[in-house]
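Structure, as structure tokens:
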Amino acid sequence: MDTQALSAFVAIVDHQSFSEAAEALHLTQPAVSKRLASLENQLGAPLVERGQRSFSLTESGRRLLPYARRILDELHNARLDLSATTGRIGGRLPVIASHHIGLHHLPAWLRRFNRDYPDVTLELQFMDSESAFDHLKRRTCELAFVTLSDAMDRQFDIKAQWEDPMVFVAGTTHPLASMPQPELSDLARYDALLPDTKTATYRVISRLFMAENLTLRLQMPTNYLETIKMMSSVGLGWSVLPHSMVDNSLTVLPIRHEVSRMLGGIGLEGRNLSPAAEALLDIARELH
């Protein structure tokens, strides 16, 4: 099978659009359509259901997709292996970071990285961890720094990880701030400012409340921890934030439950990292 045709097929699936796949591959739309048609002719079966406003894979397309990804990943690995003999660390490095890691960890890493590896062109995107997982699956980045989750897909390979201790907090004027020893039952009487229900942080807190048969009064969920911090500081509710974010605008609530999450750098199982990505990971391990 022609690997260019496989690339076109995978791009069409990932972008759910012929025109966007063409843009990603730096081709014209007719060229992408021609490559897909060539692949379908080789296999003797249609791979994509073509509708005016709908897009779906045929049964043959669904069966081919995991093989196509593995073939392209092995081609990627072969290119890396052949280029490793030069010893040079350069080229482009597409990386995704969660907003929290981007604000509180990444600056120190990048200062070192840019100093030590000036020939690397870093292509950096910021987004919430759940979106990063999707982008990594679609191979739009090589490495992602995210909040790790027990619900993560097995195809993700954890390259580095570290604990991020968290604390219960409220604004200094919130009623909870004046309680000497608040319990979860006290928190249940007030609005909670937490990330979206799909996040690892929310699941940890939700389990604590369910264990005591308590209901979370979730208010205005957002995955931007800086926004949650601001809303907490002005008294809109209590929250759970990384200890590193606490300042004099917040009161730490001495809840008896210890809470933490795991942050880390992840790649894809079976897809090797470039020397540039490995170098950035080494710095992250050293400086986190």
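Ligands are numbered from 1 in the order shown, residues from 1 within each chain, and chains are lettered A, B, ... in the order they appear in the structure tokens.
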
Please report as a tab-separated table every residue of range 239-287 of chain A lying within 12 Å of range 54-74 of chain A, along with the nearest atom pair and their distance in Å (one decimal), using only C-alpha atoms.
residue	atom	partner	partner_atom	distance
A:Leu268	CA	A:Asp73	CA	9.5
A:Glu269	CA	A:Asp73	CA	9.7
A:Gly270	CA	A:Asp73	CA	7.1
A:Arg271	CA	A:Asp73	CA	5.5
A:Asn272	CA	A:Asp73	CA	8.1
A:Leu273	CA	A:Asp73	CA	10.7

Suppose we keep all heavy atoms; can you now write the selection as a PDB file, in the first residue's frame?
ATOM      1  N   LEU A 268       2.747   8.523  22.545  1.00  0.00           N
ATOM      2  CA  LEU A 268       1.892   7.430  22.095  1.00  0.00           C
ATOM      3  C   LEU A 268       2.664   6.115  22.118  1.00  0.00           C
ATOM      4  O   LEU A 268       3.826   6.063  21.707  1.00  0.00           O
ATOM      5  CB  LEU A 268       1.395   7.704  20.667  1.00  0.00           C
ATOM      6  CG  LEU A 268       0.223   8.672  20.544  1.00  0.00           C
ATOM      7  CD1 LEU A 268       0.007   9.008  19.075  1.00  0.00           C
ATOM      8  CD2 LEU A 268      -1.047   8.105  21.135  1.00  0.00           C
ATOM      9  N   GLU A 269       2.019   5.076  22.600  1.00  0.00           N
ATOM     10  CA  GLU A 269       2.618   3.744  22.612  1.00  0.00           C
ATOM     11  C   GLU A 269       2.966   3.338  21.180  1.00  0.00           C
ATOM     12  O   GLU A 269       2.156   3.474  20.264  1.00  0.00           O
ATOM     13  CB  GLU A 269       1.618   2.744  23.202  1.00  0.00           C
ATOM     14  CG  GLU A 269       2.195   1.386  23.469  1.00  0.00           C
ATOM     15  CD  GLU A 269       3.135   1.370  24.652  1.00  0.00           C
ATOM     16  OE1 GLU A 269       2.863   2.072  25.650  1.00  0.00           O
ATOM     17  OE2 GLU A 269       4.147   0.650  24.559  1.00  0.00           O
ATOM     18  N   GLY A 270       4.198   2.888  20.985  1.00  0.00           N
ATOM     19  CA  GLY A 270       4.620   2.427  19.670  1.00  0.00           C
ATOM     20  C   GLY A 270       5.120   3.515  18.743  1.00  0.00           C
ATOM     21  O   GLY A 270       5.516   3.219  17.610  1.00  0.00           O
ATOM     22  N   ARG A 271       5.102   4.756  19.192  1.00  0.00           N
ATOM     23  CA  ARG A 271       5.587   5.869  18.358  1.00  0.00           C
ATOM     24  C   ARG A 271       6.742   6.533  19.098  1.00  0.00           C
ATOM     25  O   ARG A 271       6.539   7.174  20.135  1.00  0.00           O
ATOM     26  CB  ARG A 271       4.465   6.866  18.085  1.00  0.00           C
ATOM     27  CG  ARG A 271       4.845   7.973  17.091  1.00  0.00           C
ATOM     28  CD  ARG A 271       3.628   8.836  16.789  1.00  0.00           C
ATOM     29  NE  ARG A 271       3.936   9.967  15.939  1.00  0.00           N
ATOM     30  CZ  ARG A 271       3.933   9.950  14.604  1.00  0.00           C
ATOM     31  NH1 ARG A 271       3.618   8.827  13.981  1.00  0.00           N
ATOM     32  NH2 ARG A 271       4.223  11.022  13.896  1.00  0.00           N
ATOM     33  N   ASN A 272       7.933   6.373  18.578  1.00  0.00           N
ATOM     34  CA  ASN A 272       9.131   6.856  19.256  1.00  0.00           C
ATOM     35  C   ASN A 272       9.193   8.375  19.286  1.00  0.00           C
ATOM     36  O   ASN A 272       8.688   9.051  18.378  1.00  0.00           O
ATOM     37  CB  ASN A 272      10.390   6.317  18.580  1.00  0.00           C
ATOM     38  CG  ASN A 272      10.482   4.808  18.668  1.00  0.00           C
ATOM     39  OD1 ASN A 272       9.784   4.188  19.462  1.00  0.00           O
ATOM     40  ND2 ASN A 272      11.335   4.210  17.846  1.00  0.00           N
ATOM     41  N   LEU A 273       9.840   8.898  20.317  1.00  0.00           N
ATOM     42  CA  LEU A 273      10.041  10.339  20.426  1.00  0.00           C
ATOM     43  C   LEU A 273      11.329  10.747  19.736  1.00  0.00           C
ATOM     44  O   LEU A 273      12.321  10.006  19.731  1.00  0.00           O
ATOM     45  CB  LEU A 273      10.095  10.758  21.898  1.00  0.00           C
ATOM     46  CG  LEU A 273       8.821  10.596  22.717  1.00  0.00           C
ATOM     47  CD1 LEU A 273       9.075  11.045  24.161  1.00  0.00           C
ATOM     48  CD2 LEU A 273       7.668  11.392  22.117  1.00  0.00           C
TER      49      LEU A 273
END

#### Entry: Polymer residues at most 9 Å from range 26-43 of chain A, only C-alpha atoms, same-chain spacing of 6 or more positions, as JSON, numbers by chain
{"A": [1, 2, 4, 5, 6, 7, 8, 9, 12, 18, 19, 20]}

Would you save the residues from that selection as a CSV table (one decimal), in the first residue's frame, using all heavy atoms?
chain,number,residue,atom,x,y,z
A,1,MET,N,0.8,-1.2,0.0
A,1,MET,CA,0.0,0.0,0.0
A,1,MET,C,0.9,1.2,0.0
A,1,MET,O,1.9,1.3,0.6
A,1,MET,CB,-0.9,0.0,1.2
A,1,MET,CG,-2.1,-0.9,1.1
A,1,MET,SD,-3.2,-0.9,2.6
A,1,MET,CE,-2.3,-2.0,3.6
A,2,ASP,N,0.4,2.2,-0.7
A,2,ASP,CA,1.1,3.5,-0.8
A,2,ASP,C,1.0,4.3,0.5
A,2,ASP,O,-0.1,4.5,1.0
A,2,ASP,CB,0.5,4.3,-2.0
A,2,ASP,CG,1.2,5.6,-2.2
A,2,ASP,OD1,2.1,6.0,-1.4
A,2,ASP,OD2,0.9,6.3,-3.1
A,4,GLN,N,1.7,7.3,1.2
A,4,GLN,CA,1.0,8.6,1.0
A,4,GLN,C,-0.5,8.5,0.9
A,4,GLN,O,-1.2,9.4,1.5
A,4,GLN,CB,1.5,9.3,-0.3
A,4,GLN,CG,3.0,9.7,-0.3
A,4,GLN,CD,3.4,10.4,-1.5
A,4,GLN,OE1,2.9,10.2,-2.6
A,4,GLN,NE2,4.4,11.3,-1.4
A,5,ALA,N,-1.0,7.4,0.3
A,5,ALA,CA,-2.4,7.2,0.3
A,5,ALA,C,-2.9,6.9,1.7
A,5,ALA,O,-4.0,7.4,2.1
A,5,ALA,CB,-2.8,6.1,-0.6
A,6,LEU,N,-2.1,6.1,2.5
A,6,LEU,CA,-2.5,5.9,3.9
A,6,LEU,C,-2.6,7.2,4.7
A,6,LEU,O,-3.4,7.4,5.5
A,6,LEU,CB,-1.5,4.9,4.5
A,6,LEU,CG,-1.7,3.4,4.1
A,6,LEU,CD1,-0.6,2.6,4.7
A,6,LEU,CD2,-3.0,2.9,4.5
A,7,SER,N,-1.6,8.0,4.5
A,7,SER,CA,-1.5,9.3,5.2
A,7,SER,C,-2.8,10.2,4.9
A,7,SER,O,-3.3,10.8,5.7
A,7,SER,CB,-0.3,10.1,4.8
A,7,SER,OG,0.9,9.5,5.3
A,8,ALA,N,-3.2,10.1,3.6
A,8,ALA,CA,-4.4,10.9,3.2
A,8,ALA,C,-5.6,10.3,3.9
A,8,ALA,O,-6.4,11.1,4.4
A,8,ALA,CB,-4.5,10.9,1.7
A,9,PHE,N,-5.7,9.0,3.9
A,9,PHE,CA,-6.8,8.3,4.6
A,9,PHE,C,-6.9,8.7,6.0
A,9,PHE,O,-8.0,9.1,6.6
A,9,PHE,CB,-6.7,6.8,4.4
A,9,PHE,CG,-7.6,6.0,5.3
A,9,PHE,CD1,-9.0,6.1,5.1
A,9,PHE,CD2,-7.1,5.1,6.2
A,9,PHE,CE1,-9.9,5.3,5.9
A,9,PHE,CE2,-8.0,4.4,7.0
A,9,PHE,CZ,-9.4,4.5,6.9
A,12,ILE,N,-7.9,12.4,6.6
A,12,ILE,CA,-9.4,12.6,6.3
A,12,ILE,C,-10.2,12.1,7.6
A,12,ILE,O,-11.1,12.8,8.0
A,12,ILE,CB,-9.8,11.8,5.1
A,12,ILE,CG1,-9.2,12.4,3.8
A,12,ILE,CG2,-11.3,11.7,5.0
A,12,ILE,CD1,-9.3,11.5,2.6
A,18,PHE,N,-12.4,16.5,3.9
A,18,PHE,CA,-11.4,16.4,2.9
A,18,PHE,C,-10.6,17.7,2.7
A,18,PHE,O,-9.4,17.7,2.5
A,18,PHE,CB,-12.1,16.1,1.5
A,18,PHE,CG,-12.5,14.6,1.4
A,18,PHE,CD1,-13.6,14.1,2.0
A,18,PHE,CD2,-11.7,13.8,0.6
A,18,PHE,CE1,-13.9,12.8,1.9
A,18,PHE,CE2,-12.1,12.5,0.4
A,18,PHE,CZ,-13.2,12.0,1.1
A,19,SER,N,-11.3,18.8,2.9
A,19,SER,CA,-10.6,20.1,2.7
A,19,SER,C,-9.6,20.3,3.8
A,19,SER,O,-8.4,20.8,3.6
A,19,SER,CB,-11.6,21.2,2.6
A,19,SER,OG,-12.4,21.3,3.8
A,20,GLU,N,-10.0,20.0,5.1
A,20,GLU,CA,-9.0,20.2,6.2
A,20,GLU,C,-7.9,19.2,6.1
A,20,GLU,O,-6.8,19.6,6.5
A,20,GLU,CB,-9.8,20.1,7.5
A,20,GLU,CG,-10.7,21.3,7.8
A,20,GLU,CD,-11.4,21.2,9.1
A,20,GLU,OE1,-10.9,20.5,10.0
A,20,GLU,OE2,-12.5,21.8,9.3

### Message
So that I can see what lies close to range 214-219 of chain A, please list as a VMD selection string the residues with an atom at most 9 Å from it, counting only C-alpha atoms and leaving out residues fewer than 3 positions away in the same chain.
### Response
chain A and resid 184 to 185 187 to 194 205 to 206 208 to 211 236 to 237

### Message
My list of candidates is A:Arg285, A:Val10, A:Thr3, A:Glu183. Which is closest to Arg138 in chain A when distances are computed with only C-alpha atoms?
### Response
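Answer, going by the shortest atom-to-atom distance: A:Val10.
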
#### Entry: Top pick for closest residue to Pro118 in chain A, considering A:Ser260, A:Arg92, A:Ile255, A:Val204 and counting only C-alpha atoms
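Ranking A:Ser260, A:Arg92, A:Ile255, A:Val204 by distance to Pro118 in chain A, first place goes to A:Arg92.
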